[in-house]
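Visitor: Please find one structure pasted underneath; my questions will follow.
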2 protein chains.
Amino acid sequence: MANIKQIAKMAGVSISTVSRVLNDHPYVREEKRQAVLDAIEQIQYTRNMNAVNLIKGTTGNIAIMLPFINHAYFSQLIEGAANEALKSGFHLMLCQTNYSEVEETKVLEMLKLRQIDGTIIASKSLPLEQIEPYTQYGPIVACENTSDSSVSSVYLDHDRCFRKALQLLTDKGHNRIGFCVGRSDGNSTVIRRRAYMEHMELIRQPVQEQWMFHDCYTIEDGAGVFHKLTAMSERPTAMLVTGDQAAAGLLMEARSAGVRVPEELAIIGFDNQPIAKVMQLTTIDNHLFEMGTTAFSMLHDRIAVVNKEPEHRALAFEIIERDTV
Amino acid sequence: MANIKQIAKMAGVSISTVSRVLNDHPYVREEKRQAVLDAIEQIQYTRNMNAVNLIKGTTGNIAIMLPFINHAYFSQLIEGAANEALKSGFHLMLCQTNYSEVEETKVLEMLKLRQIDGTIIASKSLPLEQIEPYTQYGPIVACENTSDSSVSSVYLDHDRCFRKALQLLTDKGHNRIGFCVGRSDGNSTVIRRRAYMEHMELIRQPVQEQWMFHDCYTIEDGAGVFHKLTAMSERPTAMLVTGDQAAAGLLMEARSAGVRVPEELAIIGFDNQPIAKVMQLTTIDNHLFEMGTTAFSMLHDRIAVVNKEPEHRALAFEIIERDTV
DNA sequence: TTGAAAGCGCTAACAG
DNA sequence: CTGTTAGCGCTTTCAA
């Protein structure tokens, strides 16, 4: 395929001149520029970006690390990041890890291999200490609180968020409260669990282990929770469900089983997804799209300005009250 | 950062030897190999992939072109492709286009710029003639029928699929049938519309323009359709909805408005997504995940074997009968 | 304004 | 088995 040398020959100039017009440098006489442009047009020349990348040491690619894709939470996040990336002319590499530490490390290694200029960590299982060393190879922005780390972050304050939701439930007269979360060992789960424990203590309610559900991601998972609930002798009257998909599944089953919502069972979802609106589900809007855009722009800033201080930004959230509380 | 030369010096060998151990070539005496490995370990060396890419002319990256990400249809497709890509050690670049021809062209140009080794087109608006020329720069696999083109494809036979669904509706006694699709000018819409027209003629029913809805993607879009339907004096008794999200929205509103499903309104969705199962929605499983995996493996084959014949593969589909028909 | 030349870091003949 | 050498295609001093 055509290269810069051929263009130079065709246009009767040196390769430096070709490079100059390619890069919009000043100081190229108009007629030479035209000659180069003509030659480029004629043989349909395009730069070999690998050569450019080699010499520049950058690629214009960034990675986004996530466990799986087919989930509304990550889709929204990705969409936000992708939108911003598109605007800045960056390419987004999707790195699915299934929470495997080996795969997560591979993503980080890409930074060292100079295949990407930076990475967004949407969710991970690797401990932070194993991630930090990689910041010397390129900026990293995580979508969870990593304060005091060289890894920047944009996150939801799970503690405040959970407490506020619990308080709302209590205000509405619910004391028998349960919750559903994702990974049982995830960073956010630890925080939420603690917030929950403290709230229960505050309102002087015993804690029921069986009211805490893990691995709730999909509509079906939510539906499953309802059936587990009905099998219990002691049931909660309110559920906090992190993820509208799961919350919707729970709500759907509850309604079709004739349970009165919110009187017999109040539900608060998370993420403010379309399904929540249609089902009139009370939910917490945690600005996932904005999380994606912010993550990208923080990353972008750090790609542009080397050694920029790490930054940690908490996102606002709000409770959208609808019919399930 | 460290390069191959320094390793060579440290290990007391030539750069070729270093390259050989890096590439697992035979013919390297064990003690030299060990010396190289030690040096690599010592200064935490990793290859600069841009140099490798330059010389090899490949990147190990492929692109997936799609209009938007945050939609179950594409999420499933992406997940399939990403899964396969992961297995083969390829990286997936997410290229969101919003159906803009400019953006779509940019994705194709990446092939020329040697930023990717091939591309999957999940959905596009660019005419095929403008895509074909790019196959000289790398393989392209589209997720829609492109028979007789240099662009390979893996697709759903929309015609057969629509007819079969329409027939089911008719068999169940529904003659007043409407449908919802995505883009009004999309390739699949043309096919579906024709299948619909012919079916209506077959069963000697007049065609009602107002029963054909476009741009139905989300749950909310589906809910909106129900309200338009109720505002009509002449209403269909069955709807074919391409996309379970939209179908679910329609179904949800219908049920909560007290419409008897399927007697007064039968609904068939598409994609067999989790929401369909939970809502007991009859739907068509069109194997989207498989479409993604197949698209990738077809692409992969063509990256490995240059000038392999284009291939066109139709995927099977099946109707999952539940409670809405 | 322009061109020559020195790399960027690596691979792969080729000749030992 | 191993090293020398010639590039891959491009950018960027430096000198003219």
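Letters A, B, ... go to the chains of the structure tokens in the order shown; residues in each chain start at 1; ligands are counted from 1 in the same order.
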Among segment 51-171 of chain A, which residues carry a DSSP assignment of strand (DSSP E), reported as number ranges by chain?

Guide: A: 61-66, 91-96, 118-121, 140-142, 152-156

Visitor: Within 9 Å of chain B, which residues of chain A come that close, and what is the closest atom pair and distance in Å for each? Count only C-alpha atoms and give it as a tab-separated table.

Guide:
```
residue	atom	partner	partner_atom	distance
A:Tyr45	CA	B:Lys112	CA	8.8
A:Thr46	CA	B:Leu113	CA	6.0
A:Arg47	CA	B:Leu113	CA	5.8
A:Asn48	CA	B:Leu113	CA	5.1
A:Met49	CA	B:Leu113	CA	5.6
A:Asn50	CA	B:Leu54	CA	5.0
A:Ala51	CA	B:Leu54	CA	5.6
A:Val52	CA	B:Asn50	CA	8.7
A:Asn53	CA	B:Asn50	CA	6.1
A:Leu54	CA	B:Asn50	CA	5.0
A:Ile55	CA	B:Asn50	CA	8.7
A:Gly57	CA	B:Asn50	CA	8.0
A:Thr58	CA	B:Asn50	CA	8.7
A:Thr59	CA	B:Asn50	CA	8.3
A:Asn61	CA	B:Met93	CA	8.7
A:Ala63	CA	B:Met93	CA	8.7
A:Phe68	CA	B:Glu79	CA	7.5
A:Ile69	CA	B:Glu79	CA	5.9
A:Asn70	CA	B:Ser75	CA	4.8
A:His71	CA	B:Ser75	CA	7.5
A:Ala72	CA	B:Asn70	CA	7.0
A:Phe74	CA	B:Asn70	CA	8.5
A:Ser75	CA	B:Asn70	CA	4.8
A:Gln76	CA	B:Asn70	CA	5.7
A:Leu77	CA	B:Asn70	CA	8.7
A:Ile78	CA	B:Ile69	CA	7.5
A:Glu79	CA	B:Ile69	CA	5.9
A:Ala82	CA	B:Gln96	CA	7.0
A:Asn83	CA	B:Gln96	CA	7.7
A:Leu86	CA	B:Gln96	CA	7.6
A:His91	CA	B:Met93	CA	6.7
A:Leu92	CA	B:Met93	CA	5.5
A:Met93	CA	B:Met93	CA	4.3
A:Leu94	CA	B:Leu92	CA	5.6
A:Cys95	CA	B:His91	CA	7.3
A:Gln96	CA	B:Ala82	CA	7.0
A:Thr97	CA	B:Leu86	CA	8.7
A:Glu109	CA	B:Thr46	CA	8.7
A:Met110	CA	B:Met49	CA	8.9
A:Lys112	CA	B:Thr46	CA	6.7
A:Leu113	CA	B:Asn48	CA	5.1
A:Arg114	CA	B:Asn48	CA	5.9
A:Gln115	CA	B:Met49	CA	6.3
A:Thr218	CA	B:Pro274	CA	7.5
A:Ile219	CA	B:Ile275	CA	6.4
A:Glu220	CA	B:Val278	CA	6.5
A:Ala223	CA	B:Val278	CA	7.4
A:Gln245	CA	B:Ile275	CA	8.7
A:Gly249	CA	B:Val278	CA	7.1
A:Met252	CA	B:Met279	CA	7.9
A:Glu253	CA	B:Val278	CA	8.2
A:Pro274	CA	B:Ile219	CA	6.5
A:Ile275	CA	B:Ile219	CA	6.4
A:Lys277	CA	B:Glu220	CA	8.1
A:Val278	CA	B:Glu220	CA	6.5
A:Met279	CA	B:Met252	CA	7.9
```

Visitor: One decimal, Å: what's the distance from atom CA of Cys161 of chain A over to atom CA of Met232 of chain A, could you say?

Guide: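 Atom CA of Cys161 of chain A sits 27.9 Å away from atom CA of Met232 of chain A.
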
Visitor: How many Å separate atom CA of Leu251 of chain A from atom CA of Met239 of chain A?

Guide: 10.0 Å

Visitor: Show me, as JSON lines, the residues of chain C having an atom within 10 Å of chain B, each with the closest atom pair and its distance in Å, using only C-alpha atoms (C1' of nucleotides).

Guide:
```
{"residue": "C:DC8", "atom": "C1'", "partner": "B:Ala51", "partner_atom": "CA", "distance": 7.9}
{"residue": "C:DG9", "atom": "C1'", "partner": "B:Ala51", "partner_atom": "CA", "distance": 5.3}
{"residue": "C:DC10", "atom": "C1'", "partner": "B:Ala51", "partner_atom": "CA", "distance": 5.3}
{"residue": "C:DT11", "atom": "C1'", "partner": "B:Ile55", "partner_atom": "CA", "distance": 6.7}
{"residue": "C:DA12", "atom": "C1'", "partner": "B:Ser16", "partner_atom": "CA", "distance": 8.9}
```

Visitor: Limited to N, CA, C and O atoms (P, O5', C5', C4', C3', O3' and C1' of nucleotides), could you put the picked residues into a file as a PDB file, in the first residue's frame?

Guide:
```pdb
ATOM      1  P    DC C   8      15.489   6.361  19.115  1.00  0.00           P
ATOM      2  O5'  DC C   8      13.934   6.102  19.036  1.00  0.00           O
ATOM      3  C5'  DC C   8      12.979   7.127  19.233  1.00  0.00           C
ATOM      4  C4'  DC C   8      11.616   6.540  18.987  1.00  0.00           C
ATOM      5  C3'  DC C   8      11.532   5.056  19.328  1.00  0.00           C
ATOM      6  O3'  DC C   8      10.990   4.919  20.636  1.00  0.00           O
ATOM      7  C1'  DC C   8      10.550   5.544  17.156  1.00  0.00           C
ATOM      8  P    DG C   9      11.757   4.040  21.734  1.00  0.00           P
ATOM      9  O5'  DG C   9      11.401   2.564  21.283  1.00  0.00           O
ATOM     10  C5'  DG C   9      10.047   2.158  21.231  1.00  0.00           C
ATOM     11  C4'  DG C   9       9.947   0.844  20.504  1.00  0.00           C
ATOM     12  C3'  DG C   9      10.884  -0.246  21.045  1.00  0.00           C
ATOM     13  O3'  DG C   9      10.090  -1.359  21.379  1.00  0.00           O
ATOM     14  C1'  DG C   9      11.025  -0.090  18.688  1.00  0.00           C
ATOM     15  P    DC C  10      10.656  -2.779  21.730  1.00  0.00           P
ATOM     16  O5'  DC C  10      10.508  -3.521  20.337  1.00  0.00           O
ATOM     17  C5'  DC C  10       9.187  -3.716  19.823  1.00  0.00           C
ATOM     18  C4'  DC C  10       9.250  -4.187  18.405  1.00  0.00           C
ATOM     19  C3'  DC C  10       9.861  -5.575  18.242  1.00  0.00           C
ATOM     20  O3'  DC C  10       8.824  -6.503  17.962  1.00  0.00           O
ATOM     21  C1'  DC C  10      10.640  -4.029  16.585  1.00  0.00           C
ATOM     22  P    DT C  11       9.157  -8.068  17.880  1.00  0.00           P
ATOM     23  O5'  DT C  11       9.397  -8.256  16.322  1.00  0.00           O
ATOM     24  C5'  DT C  11       8.324  -7.966  15.428  1.00  0.00           C
ATOM     25  C4'  DT C  11       8.758  -8.244  14.007  1.00  0.00           C
ATOM     26  C3'  DT C  11       9.191  -9.677  13.746  1.00  0.00           C
ATOM     27  O3'  DT C  11       8.595 -10.046  12.516  1.00  0.00           O
ATOM     28  C1'  DT C  11      10.899  -8.197  13.077  1.00  0.00           C
ATOM     29  P    DA C  12       8.558 -11.528  11.995  1.00  0.00           P
ATOM     30  O5'  DA C  12       9.709 -11.491  10.889  1.00  0.00           O
ATOM     31  C5'  DA C  12       9.626 -10.523   9.857  1.00  0.00           C
ATOM     32  C4'  DA C  12      10.817 -10.718   8.951  1.00  0.00           C
ATOM     33  C3'  DA C  12      11.183 -12.183   8.739  1.00  0.00           C
ATOM     34  O3'  DA C  12      11.766 -12.265   7.454  1.00  0.00           O
ATOM     35  C1'  DA C  12      12.975 -11.097   9.750  1.00  0.00           C
TER      36       DA C  12
END
```

Visitor: Could you give me, as a Markdown table, every chain D residue with an atom at most 8 Å from chain A, plus its closest atom pair and distance in Å to one decimal, counting only C-alpha atoms (C1' of nucleotides), rows ordered by chain then number?

Guide:
```
| residue | atom | partner | partner_atom | distance |
| --- | --- | --- | --- | --- |
| D:DC8 | C1' | A:Ala51 | CA | 7.9 |
| D:DG9 | C1' | A:Ala51 | CA | 5.3 |
| D:DC10 | C1' | A:Ala51 | CA | 5.3 |
| D:DT11 | C1' | A:Ile55 | CA | 6.8 |
```

Visitor: Limited to N, CA and C atoms (P, O5', C5', C4', C3', O3' and C1' of nucleotides), could you put the picked residues into a file as a compact mmCIF listing (two decimals), in the first residue's frame?

Guide:
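As written to disk, out28.txt reads:
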```txt
# COMPACT_ATOMS: atom_id res chain seq x y z
P DC D 8 10.40 -0.72 3.72
O5' DC D 8 9.29 -0.90 4.83
C5' DC D 8 8.82 -2.17 5.27
C4' DC D 8 7.87 -1.91 6.41
C3' DC D 8 7.23 -0.53 6.34
O3' DC D 8 5.94 -0.64 5.77
C1' DC D 8 8.09 -1.02 8.56
P DG D 9 5.51 0.30 4.53
O5' DG D 9 5.20 1.69 5.24
C5' DG D 9 4.18 1.74 6.22
C4' DG D 9 4.29 3.07 6.94
C3' DG D 9 4.32 4.29 6.01
O3' DG D 9 3.30 5.16 6.43
C1' DG D 9 6.06 4.39 7.60
P DC D 10 3.07 6.58 5.91
O5' DC D 10 3.72 7.43 7.08
C5' DC D 10 3.05 7.41 8.34
C4' DC D 10 3.96 7.99 9.40
C3' DC D 10 4.20 9.49 9.27
O3' DC D 10 3.39 10.15 10.24
C1' DC D 10 6.19 8.27 9.82
P DT D 11 3.32 11.75 10.24
O5' DT D 11 4.50 12.12 11.25
C5' DT D 11 4.40 11.70 12.60
C4' DT D 11 5.60 12.19 13.37
C3' DT D 11 5.76 13.71 13.41
O3' DT D 11 6.13 14.02 14.75
C1' DT D 11 7.74 12.74 12.59
```

Visitor: When you look at DA15 of chain D with a cut-off of 12 Å (counting only C-alpha atoms (C1' of nucleotides)), what residues show up, excluding the ones that are within fewer than 5 positions of it in the same chain? I need them as a list in words.

Guide: DT2, DG3, DA4 and DA5 of chain C

Visitor: Which polymer residues have any atom within 10 Å of an atom of DA15 of chain C, counting only C-alpha atoms (C1' of nucleotides), with same-chain residues fewer than 2 positions away left out, as a PyMOL selection string?

Guide: (chain C and resi 13) or (chain D and resi 3-4)

Visitor: Mind dumping the selected residues with all heavy atoms as a compact mmCIF listing (two decimals), in the first residue's frame?

Guide:
```
# COMPACT_ATOMS: atom_id res chain seq x y z
P DA C 13 11.41 -13.51 6.53
OP1 DA C 13 11.34 -12.95 5.14
OP2 DA C 13 10.28 -14.25 7.10
O5' DA C 13 12.59 -14.46 6.65
C5' DA C 13 13.68 -14.64 5.86
C4' DA C 13 14.18 -13.47 5.06
O4' DA C 13 14.52 -12.37 5.97
C3' DA C 13 15.48 -13.84 4.36
O3' DA C 13 15.66 -13.16 3.15
C2' DA C 13 16.54 -13.48 5.38
C1' DA C 13 15.91 -12.32 6.16
N9 DA C 13 16.14 -12.46 7.60
C8 DA C 13 15.41 -13.21 8.49
N7 DA C 13 15.85 -13.12 9.74
C5 DA C 13 16.94 -12.27 9.64
C6 DA C 13 17.83 -11.78 10.61
N6 DA C 13 17.76 -12.10 11.91
N1 DA C 13 18.81 -10.96 10.20
C2 DA C 13 18.88 -10.63 8.90
N3 DA C 13 18.09 -11.02 7.89
C4 DA C 13 17.13 -11.85 8.35
P DG D 3 24.27 -13.25 20.04
OP1 DG D 3 25.25 -12.97 21.10
OP2 DG D 3 22.82 -13.14 20.31
O5' DG D 3 24.66 -12.35 18.78
C5' DG D 3 25.94 -12.54 18.19
C4' DG D 3 25.98 -11.83 16.86
O4' DG D 3 25.08 -12.49 15.93
C3' DG D 3 25.56 -10.37 16.91
O3' DG D 3 26.50 -9.65 16.11
C2' DG D 3 24.18 -10.36 16.26
C1' DG D 3 24.29 -11.52 15.27
N9 DG D 3 23.05 -12.18 14.93
C8 DG D 3 22.12 -12.71 15.79
N7 DG D 3 21.10 -13.28 15.19
C5 DG D 3 21.37 -13.11 13.84
C6 DG D 3 20.63 -13.52 12.69
O6 DG D 3 19.57 -14.14 12.67
N1 DG D 3 21.26 -13.15 11.51
C2 DG D 3 22.46 -12.46 11.44
N2 DG D 3 22.89 -12.19 10.23
N3 DG D 3 23.16 -12.08 12.50
C4 DG D 3 22.57 -12.43 13.66
P DT D 4 26.51 -8.04 16.15
OP1 DT D 4 27.83 -7.61 16.68
OP2 DT D 4 25.28 -7.55 16.78
O5' DT D 4 26.44 -7.72 14.60
C5' DT D 4 26.81 -8.72 13.65
C4' DT D 4 26.39 -8.26 12.26
O4' DT D 4 25.15 -8.93 11.89
C3' DT D 4 26.13 -6.75 12.13
O3' DT D 4 26.61 -6.34 10.87
C2' DT D 4 24.61 -6.66 12.23
C1' DT D 4 24.17 -7.96 11.55
N1 DT D 4 22.87 -8.51 11.97
C2 DT D 4 22.01 -9.03 11.01
O2 DT D 4 22.27 -9.04 9.83
N3 DT D 4 20.85 -9.54 11.51
C4 DT D 4 20.45 -9.58 12.84
O4 DT D 4 19.38 -10.08 13.16
C5 DT D 4 21.38 -9.02 13.78
C7 DT D 4 21.03 -9.00 15.24
C6 DT D 4 22.53 -8.51 13.31
```

Visitor: Which polymer residues have any atom within 9 Å of an atom of Gly12 of chain B, counting only C-alpha atoms (C1' of nucleotides), with same-chain residues fewer than 2 positions away left out, as a VMD selection string?

Guide: chain B and resid 7 to 10 14 32 35 to 36

Visitor: Please list as a VMD selection string every residue within 8 Å of Gly182 of chain B, counting only C-alpha atoms (C1' of nucleotides) and excluding residues in the same chain fewer than 3 positions away.

Guide: chain B and resid 186 189 214 to 217 242
